[in-house]
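Next up, data33.cif (mmCIF, C-alpha atoms):
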```cif
data_structure
loop_
_atom_site.group_PDB
_atom_site.id
_atom_site.type_symbol
_atom_site.label_atom_id
_atom_site.label_comp_id
_atom_site.auth_asym_id
_atom_site.auth_seq_id
_atom_site.Cartn_x
_atom_site.Cartn_y
_atom_site.Cartn_z
ATOM 1 C CA MET A 1 -9.177 192.848 71.368
ATOM 2 C CA ARG A 2 -12.127 193.551 73.622
ATOM 3 C CA PRO A 3 -15.581 193.719 72.005
ATOM 4 C CA ALA A 4 -17.166 197.112 71.533
ATOM 5 C CA LYS A 5 -19.436 198.010 74.406
ATOM 6 C CA VAL A 6 -22.975 197.197 73.364
ATOM 7 C CA PRO A 7 -26.165 198.281 75.123
ATOM 8 C CA ALA A 8 -27.572 195.639 77.415
ATOM 9 C CA ALA A 9 -30.697 194.009 76.033
ATOM 10 C CA PRO A 10 -33.929 194.386 78.004
ATOM 11 C CA ALA A 11 -34.039 192.094 81.009
ATOM 12 C CA VAL A 12 -36.407 189.153 81.063
ATOM 13 C CA SER A 13 -39.246 190.294 83.290
ATOM 14 C CA GLY A 14 -41.442 187.272 83.783
ATOM 15 C CA PRO A 15 -43.193 184.423 82.014
ATOM 16 C CA THR A 16 -46.301 186.368 80.995
ATOM 17 C CA ARG A 17 -44.287 189.167 79.363
ATOM 18 C CA PHE A 18 -41.492 187.084 77.874
ATOM 19 C CA ASP A 19 -41.106 187.435 74.109
ATOM 20 C CA LEU A 20 -38.791 184.794 72.641
ATOM 21 C CA THR A 21 -38.638 186.459 69.233
ATOM 22 C CA ASP A 22 -37.504 189.714 70.811
ATOM 23 C CA PHE A 23 -35.051 187.848 73.044
ATOM 24 C CA LEU A 24 -33.420 186.082 70.090
ATOM 25 C CA THR A 25 -33.387 189.234 67.954
ATOM 26 C CA THR A 26 -31.801 191.460 70.585
ATOM 27 C CA ARG A 27 -29.296 188.875 71.790
ATOM 28 C CA THR A 28 -28.280 187.954 68.255
ATOM 29 C CA ALA A 29 -27.563 191.627 67.545
ATOM 30 C CA ALA A 30 -25.569 191.951 70.768
ATOM 31 C CA VAL A 31 -23.587 188.760 70.107
ATOM 32 C CA ASN A 32 -22.841 189.832 66.525
ATOM 33 C CA ALA A 33 -21.575 193.207 67.716
ATOM 34 C CA ALA A 34 -19.353 191.549 70.324
ATOM 35 C CA LEU A 35 -18.001 188.981 67.837
ATOM 36 C CA ALA A 36 -17.132 191.755 65.393
ATOM 37 C CA GLY A 37 -15.119 193.388 68.153
ATOM 38 C CA PHE A 38 -13.216 190.232 68.990
ATOM 39 C CA LEU A 39 -12.283 189.141 65.464
ATOM 40 C CA PRO A 40 -9.636 190.782 63.281
ATOM 41 C CA ARG A 41 -11.202 192.882 60.540
ATOM 42 C CA PRO A 42 -11.854 191.094 57.227
ATOM 43 C CA THR A 43 -9.245 193.366 55.606
ATOM 44 C CA ALA A 44 -6.474 192.462 58.087
ATOM 45 C CA LYS A 45 -3.592 190.621 56.428
ATOM 46 C CA PRO A 46 -3.878 187.928 55.267
ATOM 47 C CA ALA A 47 -7.333 189.080 54.194
ATOM 48 C CA THR A 48 -8.369 185.728 52.733
ATOM 49 C CA ILE A 49 -8.413 183.919 56.068
ATOM 50 C CA HIS A 50 -10.186 186.738 57.866
ATOM 51 C CA ARG A 51 -12.815 187.029 55.146
ATOM 52 C CA ALA A 52 -13.356 183.269 55.392
ATOM 53 C CA MET A 53 -13.749 183.464 59.177
ATOM 54 C CA HIS A 54 -16.251 186.312 58.897
ATOM 55 C CA TYR A 55 -18.104 184.584 56.052
ATOM 56 C CA SER A 56 -19.124 181.589 58.145
ATOM 57 C CA LEU A 57 -19.371 183.320 61.510
ATOM 58 C CA PHE A 58 -21.807 185.912 60.166
ATOM 59 C CA ALA A 59 -23.701 183.638 57.777
ATOM 60 C CA GLY A 60 -26.899 183.851 59.809
ATOM 61 C CA GLY A 61 -28.532 181.618 62.373
ATOM 62 C CA LYS A 62 -30.254 182.361 65.674
ATOM 63 C CA ARG A 63 -27.089 182.125 67.835
ATOM 64 C CA MET A 64 -28.748 179.420 69.912
ATOM 65 C CA ARG A 65 -25.665 178.504 71.929
ATOM 66 C CA PRO A 66 -24.865 182.097 72.898
ATOM 67 C CA ALA A 67 -28.568 182.605 73.676
ATOM 68 C CA LEU A 68 -28.480 179.629 76.045
ATOM 69 C CA CYS A 69 -25.340 180.996 77.684
ATOM 70 C CA LEU A 70 -26.896 184.435 78.221
ATOM 71 C CA ALA A 71 -30.195 182.947 79.391
ATOM 72 C CA ALA A 72 -28.373 180.742 81.910
ATOM 73 C CA ALA A 73 -26.578 183.794 83.267
ATOM 74 C CA ALA A 74 -29.911 185.586 83.649
ATOM 75 C CA ALA A 75 -31.442 182.586 85.448
ATOM 76 C CA CYS A 76 -28.644 182.828 88.029
ATOM 77 C CA GLY A 77 -29.020 186.582 88.465
ATOM 78 C CA GLY A 78 -25.941 187.469 86.414
ATOM 79 C CA GLU A 79 -25.170 190.291 84.001
ATOM 80 C CA GLU A 80 -25.226 189.591 80.275
ATOM 81 C CA GLN A 81 -22.113 191.684 79.666
ATOM 82 C CA GLU A 82 -20.199 189.347 81.972
ATOM 83 C CA ALA A 83 -21.388 186.286 80.047
ATOM 84 C CA MET A 84 -20.933 187.780 76.568
ATOM 85 C CA PRO A 85 -17.257 186.803 75.992
ATOM 86 C CA LEU A 86 -18.048 183.209 76.934
ATOM 87 C CA ALA A 87 -21.107 183.210 74.664
ATOM 88 C CA CYS A 88 -18.945 184.469 71.788
ATOM 89 C CA ALA A 89 -16.279 181.833 72.429
ATOM 90 C CA VAL A 90 -18.865 179.059 72.221
ATOM 91 C CA GLU A 91 -20.197 180.441 68.931
ATOM 92 C CA CYS A 92 -16.688 180.490 67.457
ATOM 93 C CA ILE A 93 -16.262 176.827 68.383
ATOM 94 C CA HIS A 94 -19.660 175.946 66.949
ATOM 95 C CA THR A 95 -18.906 177.710 63.663
ATOM 96 C CA TYR A 96 -15.491 176.072 63.378
ATOM 97 C CA SER A 97 -17.158 172.671 63.810
ATOM 98 C CA LEU A 98 -19.670 173.467 61.044
ATOM 99 C CA ILE A 99 -16.951 174.534 58.594
ATOM 100 C CA HIS A 100 -15.069 171.286 59.165
ATOM 101 C CA ASP A 101 -18.265 169.205 59.235
ATOM 102 C CA ASP A 102 -19.175 170.445 55.733
ATOM 103 C CA LEU A 103 -15.806 169.529 54.174
ATOM 104 C CA PRO A 104 -15.678 166.877 51.414
ATOM 105 C CA SER A 105 -13.719 164.613 53.757
ATOM 106 C CA MET A 106 -16.519 164.859 56.327
ATOM 107 C CA ASP A 107 -20.172 165.416 55.318
ATOM 108 C CA ASN A 108 -19.376 166.966 51.919
ATOM 109 C CA ASP A 109 -22.154 169.545 52.017
ATOM 110 C CA ASP A 110 -22.576 172.443 49.597
ATOM 111 C CA TYR A 111 -24.925 174.629 51.642
ATOM 112 C CA ARG A 112 -25.134 175.862 55.213
ATOM 113 C CA ARG A 113 -27.762 178.349 56.471
ATOM 114 C CA GLY A 114 -28.886 178.850 52.880
ATOM 115 C CA LYS A 115 -25.431 179.909 51.676
ATOM 116 C CA LEU A 116 -22.583 178.091 49.967
ATOM 117 C CA THR A 117 -20.378 176.352 52.512
ATOM 118 C CA ASN A 118 -16.987 177.817 53.313
ATOM 119 C CA HIS A 119 -14.963 175.405 51.200
ATOM 120 C CA LYS A 120 -17.186 176.039 48.170
ATOM 121 C CA VAL A 121 -16.325 179.747 48.368
ATOM 122 C CA PHE A 122 -12.724 179.776 49.613
ATOM 123 C CA GLY A 123 -11.458 176.281 48.796
ATOM 124 C CA GLU A 124 -10.766 173.366 51.110
ATOM 125 C CA GLY A 125 -7.378 174.547 52.366
ATOM 126 C CA VAL A 126 -8.608 177.951 53.497
ATOM 127 C CA ALA A 127 -11.784 176.405 54.960
ATOM 128 C CA VAL A 128 -9.699 174.088 57.149
ATOM 129 C CA LEU A 129 -7.582 177.024 58.287
ATOM 130 C CA ALA A 130 -10.649 179.220 58.888
ATOM 131 C CA GLY A 131 -12.032 176.545 61.204
ATOM 132 C CA ASP A 132 -8.678 176.255 62.963
ATOM 133 C CA ALA A 133 -8.531 180.019 63.358
ATOM 134 C CA LEU A 134 -12.029 180.227 64.856
ATOM 135 C CA LEU A 135 -11.214 177.492 67.372
ATOM 136 C CA THR A 136 -8.063 179.378 68.345
ATOM 137 C CA GLN A 137 -10.048 182.621 68.491
ATOM 138 C CA ALA A 138 -12.405 181.039 71.007
ATOM 139 C CA PHE A 139 -9.551 180.395 73.420
ATOM 140 C CA GLU A 140 -8.199 183.909 72.900
ATOM 141 C CA ILE A 141 -11.620 185.270 73.884
ATOM 142 C CA VAL A 142 -11.880 183.046 76.967
ATOM 143 C CA ALA A 143 -8.344 184.061 77.933
ATOM 144 C CA GLN A 144 -9.616 187.646 78.233
ATOM 145 C CA ALA A 145 -12.636 186.759 80.373
ATOM 146 C CA ARG A 146 -12.208 187.238 84.091
ATOM 147 C CA GLY A 147 -12.784 184.562 86.677
ATOM 148 C CA TRP A 148 -15.293 184.623 89.519
ATOM 149 C CA PRO A 149 -15.028 183.665 93.188
ATOM 150 C CA ARG A 150 -16.366 180.136 92.645
ATOM 151 C CA TYR A 151 -14.889 179.710 89.168
ATOM 152 C CA ALA A 152 -11.277 180.644 88.582
ATOM 153 C CA HIS A 153 -10.160 181.772 85.149
ATOM 154 C CA GLY A 154 -8.408 178.461 84.524
ATOM 155 C CA GLN A 155 -11.652 176.595 85.125
ATOM 156 C CA LEU A 156 -13.331 178.538 82.299
ATOM 157 C CA VAL A 157 -10.532 177.602 79.897
ATOM 158 C CA LEU A 158 -10.730 173.974 81.013
ATOM 159 C CA GLU A 159 -14.500 173.943 80.507
ATOM 160 C CA VAL A 160 -14.144 175.058 76.881
ATOM 161 C CA ALA A 161 -11.192 172.746 76.207
ATOM 162 C CA ARG A 162 -12.984 169.667 77.510
ATOM 163 C CA ALA A 163 -16.199 170.347 75.605
ATOM 164 C CA SER A 164 -14.366 170.858 72.310
ATOM 165 C CA GLY A 165 -11.704 168.171 72.752
ATOM 166 C CA SER A 166 -11.127 164.567 71.729
ATOM 167 C CA LEU A 167 -13.368 163.152 74.455
ATOM 168 C CA GLN A 168 -16.412 165.266 73.572
ATOM 169 C CA LEU A 169 -17.052 167.304 70.395
ATOM 170 C CA ILE A 170 -14.304 165.675 68.333
ATOM 171 C CA ALA A 171 -15.136 162.247 69.761
ATOM 172 C CA GLY A 172 -18.683 162.635 68.481
ATOM 173 C CA GLN A 173 -17.496 163.579 65.016
ATOM 174 C CA VAL A 174 -15.083 160.627 64.851
ATOM 175 C CA ALA A 175 -17.766 158.180 66.003
ATOM 176 C CA ASP A 176 -20.154 159.698 63.445
ATOM 177 C CA LEU A 177 -17.641 159.161 60.642
ATOM 178 C CA GLU A 178 -16.883 155.626 61.741
ATOM 179 C CA GLY A 179 -20.598 154.803 61.930
ATOM 180 C CA GLU A 180 -21.362 155.725 58.299
ATOM 181 C CA GLY A 181 -22.724 152.791 56.353
ATOM 182 C CA LYS A 182 -22.779 150.571 59.448
ATOM 183 C CA LYS A 183 -25.620 149.298 61.577
ATOM 184 C CA ILE A 184 -25.114 150.773 65.034
ATOM 185 C CA SER A 185 -27.210 150.542 68.181
ATOM 186 C CA ALA A 186 -29.327 153.270 69.743
ATOM 187 C CA ALA A 187 -26.777 153.392 72.593
ATOM 188 C CA GLN A 188 -23.938 154.028 70.144
ATOM 189 C CA LEU A 189 -25.981 156.737 68.445
ATOM 190 C CA ARG A 190 -26.678 158.369 71.799
ATOM 191 C CA TYR A 191 -22.909 158.412 72.415
ATOM 192 C CA ILE A 192 -22.461 160.342 69.146
ATOM 193 C CA HIS A 193 -25.207 162.845 69.963
ATOM 194 C CA GLU A 194 -24.008 163.354 73.530
ATOM 195 C CA ARG A 195 -20.625 164.445 72.233
ATOM 196 C CA LYS A 196 -21.223 165.934 68.812
ATOM 197 C CA THR A 197 -24.102 168.181 69.919
ATOM 198 C CA SER A 198 -25.017 167.960 73.596
ATOM 199 C CA ALA A 199 -21.493 168.658 74.896
ATOM 200 C CA LEU A 200 -21.300 172.181 73.460
ATOM 201 C CA LEU A 201 -24.885 173.083 74.344
ATOM 202 C CA CYS A 202 -24.237 171.895 77.888
ATOM 203 C CA CYS A 203 -21.001 173.887 77.954
ATOM 204 C CA SER A 204 -22.975 176.983 76.902
ATOM 205 C CA THR A 205 -25.372 176.800 79.831
ATOM 206 C CA ARG A 206 -22.614 175.943 82.299
ATOM 207 C CA LEU A 207 -20.476 178.895 81.198
ATOM 208 C CA GLY A 208 -23.482 181.201 81.542
ATOM 209 C CA GLY A 209 -23.986 180.044 85.099
ATOM 210 C CA MET A 210 -20.292 180.384 85.904
ATOM 211 C CA SER A 211 -20.317 183.978 84.655
ATOM 212 C CA ALA A 212 -22.989 184.666 87.290
ATOM 213 C CA ASN A 213 -20.907 182.949 90.007
ATOM 214 C CA CYS A 214 -23.735 180.425 90.346
ATOM 215 C CA THR A 215 -23.972 178.005 93.243
ATOM 216 C CA PRO A 216 -22.922 174.343 92.806
ATOM 217 C CA ALA A 217 -26.597 173.355 92.876
ATOM 218 C CA GLN A 218 -27.418 175.836 90.114
ATOM 219 C CA LEU A 219 -24.495 174.590 88.021
ATOM 220 C CA ALA A 220 -25.712 171.013 88.416
ATOM 221 C CA ALA A 221 -29.207 172.061 87.292
ATOM 222 C CA LEU A 222 -27.822 173.898 84.257
ATOM 223 C CA THR A 223 -25.692 170.868 83.382
ATOM 224 C CA ASP A 224 -28.748 168.610 83.534
ATOM 225 C CA PHE A 225 -30.731 171.075 81.438
ATOM 226 C CA GLY A 226 -28.045 171.513 78.788
ATOM 227 C CA TYR A 227 -27.452 167.782 78.478
ATOM 228 C CA HIS A 228 -31.098 166.928 77.835
ATOM 229 C CA VAL A 229 -31.791 169.876 75.556
ATOM 230 C CA GLY A 230 -28.670 169.036 73.551
ATOM 231 C CA LEU A 231 -29.812 165.478 72.940
ATOM 232 C CA ALA A 232 -33.311 166.631 71.985
ATOM 233 C CA PHE A 233 -31.857 169.253 69.644
ATOM 234 C CA GLN A 234 -29.853 166.668 67.682
ATOM 235 C CA ILE A 235 -32.680 164.144 67.512
ATOM 236 C CA ILE A 236 -34.922 166.839 66.046
ATOM 237 C CA ASP A 237 -32.186 167.719 63.544
ATOM 238 C CA ASP A 238 -32.231 164.057 62.481
ATOM 239 C CA ILE A 239 -35.996 164.226 62.075
ATOM 240 C CA LEU A 240 -35.911 167.439 60.054
ATOM 241 C CA ASP A 241 -33.317 165.986 57.689
ATOM 242 C CA VAL A 242 -35.964 163.439 56.724
ATOM 243 C CA THR A 243 -39.128 165.566 56.830
ATOM 244 C CA GLN A 244 -38.099 168.982 55.449
ATOM 245 C CA THR A 245 -36.780 170.342 52.170
ATOM 246 C CA SER A 246 -33.388 171.921 51.536
ATOM 247 C CA GLU A 247 -35.094 175.333 51.312
ATOM 248 C CA GLN A 248 -36.695 174.878 54.737
ATOM 249 C CA LEU A 249 -33.471 173.645 56.332
ATOM 250 C CA GLY A 250 -31.071 176.087 54.679
ATOM 251 C CA LYS A 251 -28.803 173.122 53.930
ATOM 252 C CA THR A 252 -29.018 170.004 51.798
ATOM 253 C CA ALA A 253 -31.880 167.800 52.964
ATOM 254 C CA GLY A 254 -31.524 164.028 52.984
ATOM 255 C CA LYS A 255 -27.740 164.098 53.306
ATOM 256 C CA ASP A 256 -27.778 161.809 56.347
ATOM 257 C CA THR A 257 -29.768 159.162 54.488
ATOM 258 C CA ALA A 258 -27.643 159.462 51.350
ATOM 259 C CA ALA A 259 -24.444 159.098 53.390
ATOM 260 C CA GLN A 260 -25.938 156.135 55.272
ATOM 261 C CA LYS A 261 -25.454 157.961 58.539
ATOM 262 C CA ALA A 262 -26.968 156.523 61.683
ATOM 263 C CA THR A 263 -29.887 158.669 62.844
ATOM 264 C CA TYR A 264 -32.721 158.180 65.307
ATOM 265 C CA PRO A 265 -35.401 157.985 62.575
ATOM 266 C CA ALA A 266 -33.331 155.365 60.723
ATOM 267 C CA ILE A 267 -32.866 153.234 63.849
ATOM 268 C CA ILE A 268 -36.149 153.598 65.744
ATOM 269 C CA GLY A 269 -38.513 155.454 63.366
ATOM 270 C CA LEU A 270 -39.938 158.973 63.203
ATOM 271 C CA GLU A 271 -42.718 158.738 65.764
ATOM 272 C CA LYS A 272 -40.595 157.118 68.438
ATOM 273 C CA SER A 273 -37.871 159.699 67.738
ATOM 274 C CA ARG A 274 -40.390 162.498 68.322
ATOM 275 C CA LYS A 275 -41.481 160.928 71.600
ATOM 276 C CA ILE A 276 -37.888 160.615 72.808
ATOM 277 C CA ALA A 277 -37.192 164.265 71.917
ATOM 278 C CA ALA A 278 -40.309 165.328 73.826
ATOM 279 C CA LYS A 279 -39.300 163.269 76.871
ATOM 280 C CA LEU A 280 -35.791 164.740 76.857
ATOM 281 C CA THR A 281 -37.208 168.259 76.750
ATOM 282 C CA GLU A 282 -39.547 167.449 79.661
ATOM 283 C CA ARG A 283 -36.517 166.361 81.663
ATOM 284 C CA ALA A 284 -34.803 169.602 80.726
ATOM 285 C CA PHE A 285 -37.788 171.557 82.049
ATOM 286 C CA GLY A 286 -37.646 169.525 85.254
ATOM 287 C CA ALA A 287 -33.995 170.475 85.708
ATOM 288 C CA LEU A 288 -35.019 174.146 85.826
ATOM 289 C CA GLN A 289 -37.385 173.769 88.794
ATOM 290 C CA PRO A 290 -34.760 174.941 91.332
ATOM 291 C CA PHE A 291 -34.757 178.358 89.618
ATOM 292 C CA ARG A 292 -38.412 178.887 90.622
ATOM 293 C CA GLY A 293 -39.576 180.867 87.607
ATOM 294 C CA ARG A 294 -36.329 182.779 86.995
ATOM 295 C CA ALA A 295 -35.355 180.601 84.011
ATOM 296 C CA VAL A 296 -38.158 181.674 81.657
ATOM 297 C CA ALA A 297 -35.712 182.347 78.804
ATOM 298 C CA LEU A 298 -34.227 178.861 79.103
ATOM 299 C CA GLU A 299 -37.723 177.367 79.189
ATOM 300 C CA ALA A 300 -38.749 179.307 76.081
ATOM 301 C CA LEU A 301 -35.588 178.288 74.224
ATOM 302 C CA ALA A 302 -36.190 174.627 75.060
ATOM 303 C CA THR A 303 -39.770 174.906 73.834
ATOM 304 C CA TYR A 304 -38.582 176.505 70.609
ATOM 305 C CA LEU A 305 -36.080 173.707 69.998
ATOM 306 C CA LEU A 306 -38.772 171.063 70.435
ATOM 307 C CA GLU A 307 -41.333 172.854 68.271
ATOM 308 C CA ARG A 308 -38.993 172.902 65.275
ATOM 309 C CA ASN A 309 -40.339 169.384 64.804
ATOM 310 C CA LYS A 310 -43.944 170.527 64.305
#
```
Would you write out, as structure tokens, the structure that this file holds?
Amino acid sequence: MRPAKVPAAPAVSGPTRFDLTDFLTTRTAAVNAALAGFLPRPTAKPATIHRAMHYSLFAGGKRMRPALCLAAAAACGGEEQEAMPLACAVECIHTYSLIHDDLPSMDNDDYRRGKLTNHKVFGEGVAVLAGDALLTQAFEIVAQARGWPRYAHGQLVLEVARASGSLQLIAGQVADLEGEGKKISAAQLRYIHERKTSALLCCSTRLGGMSANCTPAQLAALTDFGYHVGLAFQIIDDILDVTQTSEQLGKTAGKDTAAQKATYPAIIGLEKSRKIAAKLTERAFGALQPFRGRAVALEALATYLLERNK
């Protein structure tokens, strides 16, 4: 099913007039409308699985990965409507990973985005299936997206498959599970973060560029940007798990410490973790130089991700 046609959000007009709050608000509304068009209705049989899918997919959040995808498209001179299916596919994958991440056999968390986790509402069996269904939904959405001269349709599918597969997203989750209660190195922790978080954020920016038929040089810049922002994003998540309350986070604080998970603060300390996150974000900004001021949305999003730590 194609998403309902939604009005295009106002174009980013320049660094002095850019409003990140407005950007996130308008793009979140547009992404939500498109996702609602792609998914079966909550009442479609069997209603339980579709209600579970909708429950987690529309549980809130700033739609950061879709925002990065749309912002990358804008930086390359593309149209947001062209990037929207790819942005929605990435969000489906992200939500599936959260549902599974919260399961008792994984992180065993009761809250996500301030709401009960999927398995606490629908039970473990349905939660597993809801995650499976959202992952499958992502590929159905990508299957309906058209290709571009530089990026054939098959390349889009391959991009999503690689980012979410056993060498990237799933690899990170496996390494994270295997590292619980063990003393691991900073290099091993970086491996986890590169795959568990950075891979999908990087995929988001790359897909946005592809939807704009970006040049190879632009794609390389977006890859560099997404990689560094993704690592910074996860390091800051590690920091916030230590420094903020459950109410501030919208999920259970201190879970990483309680589960003896390897985190940057645990291995190298809070202050050094903050410095590394800042350095990674600086490198992300440097990657955007080839866009010569046309990537203001990406710059603002990177700044926002870093300032969560303050």
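Residues lying at most 12 Å from (-18.6, 177.6, 48.8) in file coordinates, with only C-alpha atoms considered, are Ala52, Tyr55, Ser56, Ala59, Ile99, Asp102, Leu103, Pro104, Asn108, Asp109, Asp110, Tyr111, Arg112, Arg113, Gly114, Lys115, Leu116, Thr117, Asn118, His119, Lys120, Val121, Phe122, Gly123, Glu124, Val126 and Ala127 of chain A.
Note that CA of Tyr304 in chain A and CA of Leu222 in chain A are 17.6 Å apart.
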Practice task
Report the residues retrieved by the PyMOL selection byres ((chain A and resi 70-83) around 8) from the displayed file, expressed as an NGL selection string.
Solution key: :A and (8 or 12 or 66-69 or 84-87 or 205-214 or 218 or 222 or 291 or 294-298)
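Near Thr263 in chain A, within 10 Å and counting only C-alpha atoms, sit Asp176, Ile184, Ala186, Leu189, Arg190, Ile192, His193, Gln234, Ile235, Asp237, Asp238, Ile239, Asp241, Val242, Asp256, Thr257, Gly269 and Ser273 of chain A, not including residues fewer than 6 positions from it in the same chain.
Distance-wise, CA of Ala133 in chain A and CA of Ala152 in chain A end up 25.4 Å apart.
Minimum distance to Tyr151 in chain A across A:Ala29, A:Ala36, A:Ala287, A:Leu219 (counting only C-alpha atoms) occurs at A:Leu219.
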Practice task
Could you tell me which of A:Gln289, A:Gln173, A:Thr303, A:Thr243 comes closest to His100 in chain A if we count only C-alpha atoms?
Solution key: A:Gln173
Exercise for the section: Determine, counting all atoms listed in the file, which protein, DNA and RNA residues have an atom within 12 Å of an atom of Leu167 in chain A; residues of the same chain fewer than 6 positions away are not included. Present the result as number ranges by chain. Expected result: A: 161, 173-175, 191-192, 194-196, 199
